[in-house]
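Notes for the one structure printed next.
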Amino acid sequence: MRDYRLLTEDIFGQSLKEVVLDNRDIDISEVDFLLNPTAEYIEHPMAIKNMDKAIELFIQSLDNDEKIGILLDCDVDGYTSSALIYQFLMKECQYPSEKIELFFHDSKQHGLSDEKAFKNIKKSDIDLLIIPDASTNDVTQIKELLKVQKKILVLDHHQPNDKDMKTIFHNQNGELIGVIVNNQFGEYSTAGAGAYVVLKFCEAMTECPLYHYYDLVAISSVADAMYILDKELIFYVTEGLKNVNNELFKEYMLSSNIEKLTPMGVSFNIANKMNGVIRYGKQEEKVDLFRALIGDKEEIEYTPRKSKSNPNPKTEIQSLQKAMVRISGNAKTRQDKAKKDCIEKCKKYIEENDLNKNKFILVIDKENSFTDKRITGLVAMGLVDIYKKSVILLSKSKDGNLIGSARGYGVDNLKEIVQSTEIIEGTGHDNAFGVFIEWKELPRLEKRLIKAFEDIEIIPPLLDVDCEIDLSDVSIDDLKEIIDMEMLYHQHCSTPCFLVRNIELDTKKVKSPYSLLLTFESNGFLFKKEYCSGAFKEEFLCKKEAKFGQPTVKCELIVEIGYDTYRKKPCFLIKEADTKVIDKKKKTDIPF
């Protein structure tokens, strides 16, 4: 079982709900609002810096019947942001589809940093380029496009490299030709993601709420790991997840048997599958995913593969949306397989080159022979899990330099550490970011990193456990109170988990209805381990320790609280387990 720390040692006089809220610095008086938010904290869109200029530029293009381009950024927020502005153009503005051109990234790049997309935009016949969810810091590329008479409208939320950067552009005649709108400038709310900024722009245009786009804002906010407990943003998220209008999202919910969509449901049933296509799908699949997102109608023939249970499958007709849910699942499977293969190749490279000797793991694929640029972040995270060290994973870029991803372990800010080398550029979050280094700096890279880590203390992160509970002191109602707050749980407000000790369990009573599920009951509560591996079952049942029979064991568990749909009541979901035999069965009366 993983090492853990109890966030609350003594819960005497407190309910589980009070303990959970205290551990997350949430005042219990705010919970009712957070679970049932109202529109009172909605900020006026015109208060965002440059919004008036953005509207002026946009209306100018509409009035002149100009051709408009939209650059889709390669993540869920990029797609939802672009879908929002596209549908706004089509529905609210009644703009003809032939006057709108879409630009897609080929690989995992953002904004105008993608050279191929940039060249395509530059040689296109568009008059106005809208860039949702990217390009605040692509000032060099923006200026180059402005020089070739492309007008630019950026609707972004990413941190600017320079707070005093230029955000409004005019030509030599004084005409407005470029505007950057970003909620990180000025005193406006900074919590929202790209789709939030696009929604604010569209609502500034219409001067009324656009409720039918709130689901796009909600999905983007969760997928981009925004702080959704912000009093304004939680209204958009709650309303959007409560009233899903988008047909693609509905199909994802249907395929996962989800009736009520929560932030965690978005992360594990929608965002991850969409990203499978966006990051690892074929180019035509990326285009079709966007078409499904904006509501395009198309019927697609699909014939399932033959199987023992279905040797003569019938061809069925699927909507574009249903087909893309199926295709995104396939893309996610391909991505997972590629990730596994890359991790194994990286492990071999690390062991062959003795790269586990430092406080960090530095993997450099000089020949691009064992990495995949589309999934370097996922692979780096997988290596962190294996080696319990910060990982920097690099491969050769098209321009002959090195690019990749870095993931931190046991440090407060890996980006700050690697940038102190003065030869590595980092872009992104503190412990999850993209990296760039010039090829000429490669000979001194490892020495610089060793120096940067020299005085850094690596503190392995512990699993945060809210408190220890005694099964005789808790009720189903206590568990239900935790489940009732599920709309609050996300990346910045972790799902509660608890420690349960000293459960004596007769392993004969442990059930496994199917291979990936393990269940048992104790004190009237159901315990479940879902997606259970064979190795976990073997350890849990102490099969190596107990060579004969099925022993009684003592369990120490770390659990979350879930809901058993069959019994229609809360249950415990096992995250971690440690079991020891306390009563080995001895066979007697053995005939000789």
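Chain labels A, B, ... are given in the sequence in which chains occur in the structure tokens; within each chain residues are numbered consecutively from 1, and ligands are likewise numbered from 1 in the order shown.
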
When you look at Met485 of chain A with a cut-off of 9 Å (counting only C-alpha atoms), what residues show up, excluding the ones that are within fewer than 3 positions of it in the same chain? I need them as a tab-separated table (two decimals) with C-alpha atoms, in the first residue's frame.
chain	number	residue	atom	x	y	z
A	17	LYS	CA	-18.72	16.03	5.60
A	31	VAL	CA	-21.48	24.58	0.26
A	35	LEU	CA	-23.80	22.99	-5.09
A	480	LYS	CA	-24.48	9.84	1.10
A	481	GLU	CA	-23.45	13.33	2.29
A	482	ILE	CA	-20.05	12.81	0.65
A	488	LEU	CA	-17.24	19.82	-6.25
A	489	TYR	CA	-14.66	17.10	-6.84

* Val559 of chain A environment, 7 Å, only C-alpha atoms, sequence neighbours closer than 4 positions dropped, as a ChimeraX atom specification -> /A:497-499,572-575

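With only C-alpha atoms taken into account, the protein and nucleic acid residues at most 7 Å from Leu241 of chain A (excluding it and anything under 5 positions from it in its own chain) are A:Asp215, A:Ala218, A:Leu261, A:Thr262.
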
Write a file of the just-selected residues containing N, CA and C atoms, as a PDB file, in the first residue's frame.
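Final output, saved to result-v5.pdb:
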ATOM      1  N   ASP A 215     -22.656  24.079 -21.883  1.00  0.00           N
ATOM      2  CA  ASP A 215     -22.054  22.744 -21.783  1.00  0.00           C
ATOM      3  C   ASP A 215     -20.650  22.733 -22.378  1.00  0.00           C
ATOM      4  N   ALA A 218     -18.464  24.268 -19.754  1.00  0.00           N
ATOM      5  CA  ALA A 218     -18.288  23.351 -18.626  1.00  0.00           C
ATOM      6  C   ALA A 218     -17.258  22.267 -18.945  1.00  0.00           C
ATOM      7  N   LEU A 261     -24.034  14.065 -15.258  1.00  0.00           N
ATOM      8  CA  LEU A 261     -22.629  14.331 -15.586  1.00  0.00           C
ATOM      9  C   LEU A 261     -21.979  15.159 -14.483  1.00  0.00           C
ATOM     10  N   THR A 262     -20.834  14.699 -13.983  1.00  0.00           N
ATOM     11  CA  THR A 262     -20.060  15.392 -12.956  1.00  0.00           C
ATOM     12  C   THR A 262     -18.687  15.749 -13.525  1.00  0.00           C
TER      13      THR A 262
END

* **All strand (DSSP E or B) positions in segment 409-567 of chain A, as a VMD selection string** => chain A and resid 425 to 428 432 to 437 463 to 465 467 to 468 490 493 498 to 506 511 517 to 522 525 to 530 552 to 564

* Asked: Neighbours of Phe370 of chain A within 9 Å (only C-alpha atoms; same-chain residues fewer than 3 positions away dropped), as a ChimeraX atom specification?
  -> /A:341-343,345-346,349,365,367

* To do: Go through A:Lys447, A:Lys373, A:Arg334, A:His212 and flag the residue nearest Gly276 of chain A, using only C-alpha atoms for the distances.
  => A:Arg334

Proximity check segment 376-495 of chain A to segment 562-569 of chain A, 10 Å, nearest pairs one decimal Å, only C-alpha atoms, as CSV:
residue,atom,partner,partner_atom,distance
A:Ile476,CA,A:Lys569,CA,7.6
A:Asp477,CA,A:Lys569,CA,9.6
A:Leu479,CA,A:Gly562,CA,8.4
A:Lys480,CA,A:Lys569,CA,8.1
A:Ile482,CA,A:Gly562,CA,9.1
A:Ile483,CA,A:Gly562,CA,7.0
A:Glu486,CA,A:Gly562,CA,9.9

Store the residues of this selection in a file with N, CA, C and O atoms, as a PDB file, in the first residue's frame.
ATOM      1  N   ILE A 476     -24.859   4.953   6.436  1.00  0.00           N
ATOM      2  CA  ILE A 476     -25.101   5.160   5.007  1.00  0.00           C
ATOM      3  C   ILE A 476     -25.366   6.635   4.727  1.00  0.00           C
ATOM      4  O   ILE A 476     -24.941   7.181   3.701  1.00  0.00           O
ATOM      5  N   ASP A 477     -26.040   7.313   5.640  1.00  0.00           N
ATOM      6  CA  ASP A 477     -26.319   8.746   5.456  1.00  0.00           C
ATOM      7  C   ASP A 477     -25.033   9.561   5.427  1.00  0.00           C
ATOM      8  O   ASP A 477     -24.931  10.549   4.686  1.00  0.00           O
ATOM      9  N   LEU A 479     -22.170   8.532   4.312  1.00  0.00           N
ATOM     10  CA  LEU A 479     -21.591   8.305   2.982  1.00  0.00           C
ATOM     11  C   LEU A 479     -22.354   9.078   1.919  1.00  0.00           C
ATOM     12  O   LEU A 479     -21.758   9.632   0.982  1.00  0.00           O
ATOM     13  N   LYS A 480     -23.655   9.129   2.071  1.00  0.00           N
ATOM     14  CA  LYS A 480     -24.479   9.841   1.095  1.00  0.00           C
ATOM     15  C   LYS A 480     -24.141  11.333   1.073  1.00  0.00           C
ATOM     16  O   LYS A 480     -24.151  11.967   0.014  1.00  0.00           O
ATOM     17  N   ILE A 482     -21.272  12.644   1.442  1.00  0.00           N
ATOM     18  CA  ILE A 482     -20.045  12.808   0.651  1.00  0.00           C
ATOM     19  C   ILE A 482     -20.369  12.712  -0.840  1.00  0.00           C
ATOM     20  O   ILE A 482     -19.876  13.502  -1.651  1.00  0.00           O
ATOM     21  N   ILE A 483     -21.225  11.760  -1.196  1.00  0.00           N
ATOM     22  CA  ILE A 483     -21.612  11.611  -2.596  1.00  0.00           C
ATOM     23  C   ILE A 483     -22.384  12.832  -3.083  1.00  0.00           C
ATOM     24  O   ILE A 483     -22.224  13.268  -4.231  1.00  0.00           O
ATOM     25  N   GLU A 486     -20.493  15.556  -4.982  1.00  0.00           N
ATOM     26  CA  GLU A 486     -19.648  15.108  -6.086  1.00  0.00           C
ATOM     27  C   GLU A 486     -19.421  16.172  -7.152  1.00  0.00           C
ATOM     28  O   GLU A 486     -18.447  16.114  -7.903  1.00  0.00           O
TER      29      GLU A 486
END

* Could you pull out the alpha helix (DSSP H) residues of segment 408-568 of chain A from DSSP and send them as a PyMOL selection string? -> chain A and resi 414-419+445-453+476-483+534-540

Residue subset to file, keeping N, CA and C atoms, as an mmCIF file, in the first residue's frame:
data_model
loop_
_atom_site.group_PDB
_atom_site.id
_atom_site.type_symbol
_atom_site.label_atom_id
_atom_site.label_comp_id
_atom_site.auth_asym_id
_atom_site.auth_seq_id
_atom_site.Cartn_x
_atom_site.Cartn_y
_atom_site.Cartn_z
ATOM 1 N N LEU A 414 9.244 22.081 -10.776
ATOM 2 C CA LEU A 414 10.283 21.546 -11.666
ATOM 3 C C LEU A 414 10.637 22.541 -12.761
ATOM 4 N N LYS A 415 9.648 23.273 -13.256
ATOM 5 C CA LYS A 415 9.918 24.226 -14.339
ATOM 6 C C LYS A 415 10.944 25.267 -13.895
ATOM 7 N N GLU A 416 10.793 25.746 -12.691
ATOM 8 C CA GLU A 416 11.738 26.744 -12.159
ATOM 9 C C GLU A 416 13.135 26.152 -12.043
ATOM 10 N N ILE A 417 13.207 24.893 -11.641
ATOM 11 C CA ILE A 417 14.510 24.229 -11.493
ATOM 12 C C ILE A 417 15.203 24.091 -12.833
ATOM 13 N N VAL A 418 14.499 23.565 -13.842
ATOM 14 C CA VAL A 418 15.152 23.329 -15.134
ATOM 15 C C VAL A 418 15.463 24.636 -15.855
ATOM 16 N N GLN A 419 14.641 25.652 -15.649
ATOM 17 C CA GLN A 419 14.925 26.935 -16.300
ATOM 18 C C GLN A 419 16.128 27.635 -15.661
ATOM 19 N N LEU A 445 24.003 19.747 -20.977
ATOM 20 C CA LEU A 445 22.675 19.683 -20.386
ATOM 21 C C LEU A 445 22.659 18.903 -19.074
ATOM 22 N N GLU A 446 23.190 17.679 -19.076
ATOM 23 C CA GLU A 446 23.130 16.850 -17.867
ATOM 24 C C GLU A 446 23.870 17.507 -16.700
ATOM 25 N N LYS A 447 25.055 18.071 -16.971
ATOM 26 C CA LYS A 447 25.826 18.724 -15.897
ATOM 27 C C LYS A 447 25.061 19.909 -15.321
ATOM 28 N N ARG A 448 24.409 20.677 -16.191
ATOM 29 C CA ARG A 448 23.617 21.827 -15.722
ATOM 30 C C ARG A 448 22.457 21.357 -14.836
ATOM 31 N N LEU A 449 21.811 20.273 -15.243
ATOM 32 C CA LEU A 449 20.689 19.760 -14.461
ATOM 33 C C LEU A 449 21.156 19.213 -13.109
ATOM 34 N N ILE A 450 22.289 18.505 -13.116
ATOM 35 C CA ILE A 450 22.837 17.999 -11.842
ATOM 36 C C ILE A 450 23.104 19.156 -10.896
ATOM 37 N N LYS A 451 23.654 20.230 -11.429
ATOM 38 C CA LYS A 451 23.925 21.424 -10.616
ATOM 39 C C LYS A 451 22.623 22.046 -10.109
ATOM 40 N N ALA A 452 21.620 22.122 -10.973
ATOM 41 C CA ALA A 452 20.339 22.724 -10.588
ATOM 42 C C ALA A 452 19.650 21.924 -9.486
ATOM 43 N N PHE A 453 19.814 20.598 -9.499
ATOM 44 C CA PHE A 453 19.172 19.729 -8.502
ATOM 45 C C PHE A 453 20.019 19.546 -7.248
ATOM 46 N N ILE A 476 -24.859 4.953 6.436
ATOM 47 C CA ILE A 476 -25.101 5.160 5.007
ATOM 48 C C ILE A 476 -25.366 6.635 4.727
ATOM 49 N N ASP A 477 -26.040 7.313 5.640
ATOM 50 C CA ASP A 477 -26.319 8.746 5.456
ATOM 51 C C ASP A 477 -25.033 9.561 5.427
ATOM 52 N N ASP A 478 -24.033 9.170 6.257
ATOM 53 C CA ASP A 478 -22.735 9.867 6.234
ATOM 54 C C ASP A 478 -22.094 9.732 4.857
ATOM 55 N N LEU A 479 -22.170 8.532 4.312
ATOM 56 C CA LEU A 479 -21.591 8.305 2.982
ATOM 57 C C LEU A 479 -22.354 9.078 1.919
ATOM 58 N N LYS A 480 -23.655 9.129 2.071
ATOM 59 C CA LYS A 480 -24.479 9.841 1.095
ATOM 60 C C LYS A 480 -24.141 11.333 1.073
ATOM 61 N N GLU A 481 -23.819 11.903 2.235
ATOM 62 C CA GLU A 481 -23.454 13.326 2.288
ATOM 63 C C GLU A 481 -22.196 13.599 1.461
ATOM 64 N N ILE A 482 -21.272 12.644 1.442
ATOM 65 C CA ILE A 482 -20.045 12.808 0.651
ATOM 66 C C ILE A 482 -20.369 12.712 -0.840
ATOM 67 N N ILE A 483 -21.225 11.760 -1.196
ATOM 68 C CA ILE A 483 -21.612 11.611 -2.596
ATOM 69 C C ILE A 483 -22.384 12.832 -3.083
ATOM 70 N N GLY A 534 -5.217 -9.243 -11.657
ATOM 71 C CA GLY A 534 -4.961 -10.543 -11.059
ATOM 72 C C GLY A 534 -3.952 -10.460 -9.927
ATOM 73 N N ALA A 535 -2.950 -9.570 -10.106
ATOM 74 C CA ALA A 535 -1.926 -9.408 -9.067
ATOM 75 C C ALA A 535 -2.539 -8.854 -7.783
ATOM 76 N N PHE A 536 -3.475 -7.895 -7.935
ATOM 77 C CA PHE A 536 -4.128 -7.335 -6.745
ATOM 78 C C PHE A 536 -4.917 -8.423 -6.016
ATOM 79 N N LYS A 537 -5.662 -9.219 -6.754
ATOM 80 C CA LYS A 537 -6.461 -10.288 -6.126
ATOM 81 C C LYS A 537 -5.565 -11.268 -5.377
ATOM 82 N N GLU A 538 -4.467 -11.640 -6.010
ATOM 83 C CA GLU A 538 -3.563 -12.601 -5.384
ATOM 84 C C GLU A 538 -3.012 -12.062 -4.074
ATOM 85 N N GLU A 539 -2.613 -10.779 -4.079
ATOM 86 C CA GLU A 539 -2.099 -10.173 -2.851
ATOM 87 C C GLU A 539 -3.186 -10.016 -1.808
ATOM 88 N N PHE A 540 -4.351 -9.553 -2.256
ATOM 89 C CA PHE A 540 -5.447 -9.302 -1.320
ATOM 90 C C PHE A 540 -5.881 -10.587 -0.620
#

* To do: Would you mind telling me which residue in A:Ile469, A:Leu518, A:Leu34, A:Leu383 lies nearest to Leu557 of chain A when using only C-alpha atoms?
  => A:Ile469

* Test item: residues at most 12 Å from Ile68 of chain A, only C-alpha atoms, excluding those fewer than 3 positions along its chain, as a ChimeraX atom specification -> /A:57-62,64-65,71,85-86,89-90,95-103,121,124-131,150-153

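Nearest-residue note for His44 of chain A: choosing from A:Ser189, A:Ser267, A:Thr80, A:Ser15, the minimum distance belongs to A:Ser189, counting only C-alpha atoms.
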
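Compared by their closest atoms to Ile278 of chain A, and using only C-alpha atoms, the residues A:His170, A:His110, A:Lys543, A:His492 rank with A:His110 nearest.
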
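Proximity ranking of A:Trp439, A:Tyr514, A:Tyr280, A:Phe290 relative to Ser107 of chain A places A:Tyr280 first, based on only C-alpha atoms.
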
* **Spatial neighbours of Ala83 of chain A, max dist 10 Å, only C-alpha atoms, sep filter under 6 positions, as an MDAnalysis selection string** => chainID A and resid 70 72 77 89 132 195 198 213 216 290:295

Keeping N, CA and C atoms for every residue in the selection just given, could you write it to a file as an mmCIF file, in the first residue's frame?
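Output file part_31.cif is given in full below:
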data_model
loop_
_atom_site.group_PDB
_atom_site.id
_atom_site.type_symbol
_atom_site.label_atom_id
_atom_site.label_comp_id
_atom_site.auth_asym_id
_atom_site.auth_seq_id
_atom_site.Cartn_x
_atom_site.Cartn_y
_atom_site.Cartn_z
ATOM 1 N N ILE A 70 -10.630 29.933 -38.572
ATOM 2 C CA ILE A 70 -10.570 29.561 -37.153
ATOM 3 C C ILE A 70 -9.469 28.517 -36.999
ATOM 4 N N LEU A 72 -7.947 25.696 -34.752
ATOM 5 C CA LEU A 72 -8.311 24.818 -33.650
ATOM 6 C C LEU A 72 -7.064 24.398 -32.884
ATOM 7 N N ASP A 77 -10.152 21.928 -24.755
ATOM 8 C CA ASP A 77 -10.526 23.337 -24.652
ATOM 9 C C ASP A 77 -10.424 24.022 -26.012
ATOM 10 N N LEU A 89 -21.061 31.933 -35.141
ATOM 11 C CA LEU A 89 -21.039 32.515 -36.482
ATOM 12 C C LEU A 89 -22.188 31.976 -37.330
ATOM 13 N N PRO A 132 -9.019 30.836 -30.932
ATOM 14 C CA PRO A 132 -9.516 30.595 -29.581
ATOM 15 C C PRO A 132 -8.524 29.732 -28.789
ATOM 16 N N ALA A 195 -12.889 28.424 -23.739
ATOM 17 C CA ALA A 195 -14.309 28.483 -24.109
ATOM 18 C C ALA A 195 -15.053 29.527 -23.288
ATOM 19 N N VAL A 198 -14.361 32.810 -25.006
ATOM 20 C CA VAL A 198 -15.147 32.882 -26.242
ATOM 21 C C VAL A 198 -16.612 33.158 -25.915
ATOM 22 N N TYR A 213 -24.731 27.270 -24.904
ATOM 23 C CA TYR A 213 -23.306 26.981 -25.061
ATOM 24 C C TYR A 213 -22.617 26.682 -23.726
ATOM 25 N N LEU A 216 -20.431 23.492 -23.451
ATOM 26 C CA LEU A 216 -19.089 23.596 -24.030
ATOM 27 C C LEU A 216 -18.117 24.240 -23.038
ATOM 28 N N PHE A 290 -14.486 17.240 -34.790
ATOM 29 C CA PHE A 290 -14.974 18.623 -34.723
ATOM 30 C C PHE A 290 -16.334 18.746 -35.394
ATOM 31 N N ARG A 291 -16.498 18.058 -36.517
ATOM 32 C CA ARG A 291 -17.791 18.085 -37.194
ATOM 33 C C ARG A 291 -18.884 17.534 -36.277
ATOM 34 N N ALA A 292 -18.567 16.467 -35.564
ATOM 35 C CA ALA A 292 -19.538 15.898 -34.621
ATOM 36 C C ALA A 292 -19.838 16.881 -33.506
ATOM 37 N N LEU A 293 -18.814 17.624 -33.077
ATOM 38 C CA LEU A 293 -18.965 18.575 -31.977
ATOM 39 C C LEU A 293 -19.854 19.756 -32.372
ATOM 40 N N ILE A 294 -19.766 20.184 -33.624
ATOM 41 C CA ILE A 294 -20.568 21.339 -34.056
ATOM 42 C C ILE A 294 -21.946 20.920 -34.578
ATOM 43 N N GLY A 295 -22.232 19.604 -34.504
ATOM 44 C CA GLY A 295 -23.588 19.152 -34.817
ATOM 45 C C GLY A 295 -23.841 18.765 -36.248
#

* Asked: Could you pull the residues within 12 Å of Pro304 of chain A, counting only C-alpha atoms, minus those fewer than 6 positions along the same chain, as a ChimeraX atom specification?
  -> /A:310-318,323,326

Those selected residues, please, written with all heavy atoms and delivered as an mmCIF file, in the first residue's frame.
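That gives us part21.cif:
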data_model
loop_
_atom_site.group_PDB
_atom_site.id
_atom_site.type_symbol
_atom_site.label_atom_id
_atom_site.label_comp_id
_atom_site.auth_asym_id
_atom_site.auth_seq_id
_atom_site.Cartn_x
_atom_site.Cartn_y
_atom_site.Cartn_z
ATOM 1 N N ASN A 310 -20.679 -13.315 -32.015
ATOM 2 C CA ASN A 310 -21.393 -12.675 -33.122
ATOM 3 C C ASN A 310 -20.653 -12.963 -34.436
ATOM 4 O O ASN A 310 -19.976 -12.100 -34.989
ATOM 5 C CB ASN A 310 -21.494 -11.167 -32.867
ATOM 6 C CG ASN A 310 -22.397 -10.464 -33.873
ATOM 7 O OD1 ASN A 310 -23.121 -11.101 -34.634
ATOM 8 N ND2 ASN A 310 -22.353 -9.145 -33.881
ATOM 9 N N PRO A 311 -20.776 -14.209 -34.943
ATOM 10 C CA PRO A 311 -19.986 -14.597 -36.127
ATOM 11 C C PRO A 311 -20.437 -13.918 -37.416
ATOM 12 O O PRO A 311 -19.661 -13.821 -38.367
ATOM 13 C CB PRO A 311 -20.203 -16.114 -36.203
ATOM 14 C CG PRO A 311 -21.494 -16.349 -35.483
ATOM 15 C CD PRO A 311 -21.567 -15.311 -34.408
ATOM 16 N N ASN A 312 -21.674 -13.436 -37.449
ATOM 17 C CA ASN A 312 -22.184 -12.767 -38.652
ATOM 18 C C ASN A 312 -22.793 -11.412 -38.285
ATOM 19 O O ASN A 312 -24.026 -11.237 -38.309
ATOM 20 C CB ASN A 312 -23.238 -13.651 -39.336
ATOM 21 C CG ASN A 312 -22.648 -14.948 -39.844
ATOM 22 O OD1 ASN A 312 -21.728 -14.938 -40.655
ATOM 23 N ND2 ASN A 312 -23.171 -16.073 -39.335
ATOM 24 N N PRO A 313 -21.950 -10.460 -37.930
ATOM 25 C CA PRO A 313 -22.464 -9.152 -37.476
ATOM 26 C C PRO A 313 -23.197 -8.423 -38.597
ATOM 27 O O PRO A 313 -22.796 -8.481 -39.761
ATOM 28 C CB PRO A 313 -21.205 -8.400 -37.058
ATOM 29 C CG PRO A 313 -20.094 -9.040 -37.828
ATOM 30 C CD PRO A 313 -20.476 -10.482 -37.955
ATOM 31 N N LYS A 314 -24.246 -7.747 -38.210
ATOM 32 C CA LYS A 314 -25.027 -6.982 -39.180
ATOM 33 C C LYS A 314 -24.512 -5.549 -39.269
ATOM 34 O O LYS A 314 -24.089 -4.963 -38.276
ATOM 35 C CB LYS A 314 -26.496 -6.981 -38.781
ATOM 36 C CG LYS A 314 -27.166 -8.347 -38.877
ATOM 37 C CD LYS A 314 -28.639 -8.248 -38.510
ATOM 38 C CE LYS A 314 -29.318 -9.613 -38.614
ATOM 39 N NZ LYS A 314 -30.762 -9.525 -38.245
ATOM 40 N N THR A 315 -24.582 -5.012 -40.462
ATOM 41 C CA THR A 315 -24.210 -3.608 -40.659
ATOM 42 C C THR A 315 -25.283 -2.717 -40.047
ATOM 43 O O THR A 315 -26.475 -2.962 -40.206
ATOM 44 C CB THR A 315 -24.057 -3.293 -42.153
ATOM 45 O OG1 THR A 315 -23.013 -4.111 -42.695
ATOM 46 C CG2 THR A 315 -23.715 -1.821 -42.377
ATOM 47 N N GLU A 316 -24.841 -1.709 -39.312
ATOM 48 C CA GLU A 316 -25.782 -0.780 -38.698
ATOM 49 C C GLU A 316 -25.490 0.642 -39.157
ATOM 50 O O GLU A 316 -24.382 0.949 -39.600
ATOM 51 C CB GLU A 316 -25.726 -0.870 -37.174
ATOM 52 C CG GLU A 316 -24.349 -0.596 -36.583
ATOM 53 C CD GLU A 316 -24.314 -0.778 -35.078
ATOM 54 O OE1 GLU A 316 -24.186 -1.944 -34.626
ATOM 55 O OE2 GLU A 316 -24.396 0.244 -34.354
ATOM 56 N N ILE A 317 -26.477 1.491 -39.052
ATOM 57 C CA ILE A 317 -26.320 2.901 -39.422
ATOM 58 C C ILE A 317 -26.152 3.714 -38.144
ATOM 59 O O ILE A 317 -26.977 3.642 -37.232
ATOM 60 C CB ILE A 317 -27.538 3.418 -40.208
ATOM 61 C CG1 ILE A 317 -27.773 2.559 -41.459
ATOM 62 C CG2 ILE A 317 -27.342 4.878 -40.599
ATOM 63 C CD1 ILE A 317 -26.636 2.576 -42.451
ATOM 64 N N GLN A 318 -25.051 4.465 -38.084
ATOM 65 C CA GLN A 318 -24.774 5.290 -36.912
ATOM 66 C C GLN A 318 -24.734 6.763 -37.303
ATOM 67 O O GLN A 318 -24.338 7.114 -38.407
ATOM 68 C CB GLN A 318 -23.426 4.904 -36.285
ATOM 69 C CG GLN A 318 -23.377 3.500 -35.729
ATOM 70 C CD GLN A 318 -22.039 3.196 -35.052
ATOM 71 O OE1 GLN A 318 -21.031 3.862 -35.301
ATOM 72 N NE2 GLN A 318 -22.038 2.187 -34.195
ATOM 73 N N ALA A 323 -20.710 7.467 -34.121
ATOM 74 C CA ALA A 323 -19.520 6.893 -34.755
ATOM 75 C C ALA A 323 -18.248 7.455 -34.136
ATOM 76 O O ALA A 323 -17.271 6.724 -33.910
ATOM 77 C CB ALA A 323 -19.550 7.157 -36.259
ATOM 78 N N ARG A 326 -17.366 5.897 -30.825
ATOM 79 C CA ARG A 326 -16.711 4.607 -31.066
ATOM 80 C C ARG A 326 -15.267 4.800 -31.539
ATOM 81 O O ARG A 326 -14.338 4.164 -31.016
ATOM 82 C CB ARG A 326 -17.504 3.815 -32.106
ATOM 83 C CG ARG A 326 -16.813 2.574 -32.637
ATOM 84 C CD ARG A 326 -17.690 1.789 -33.589
ATOM 85 N NE ARG A 326 -18.242 2.604 -34.659
ATOM 86 C CZ ARG A 326 -17.580 2.929 -35.766
ATOM 87 N NH1 ARG A 326 -16.320 2.549 -35.925
ATOM 88 N NH2 ARG A 326 -18.165 3.637 -36.715
#

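Put simply, atom CA of Lys143 of chain A is 26.3 Å away from atom CA of Ala204 of chain A.
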
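Picture a line from atom CA of Gly240 of chain A to atom CA of Gly281 of chain A; it runs 26.9 Å.
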
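Using only C-alpha atoms, the nearest neighbour of Lys389 of chain A within the list A:Asn23, A:Asn356, A:Ser369, A:Asn171 is A:Asn356.
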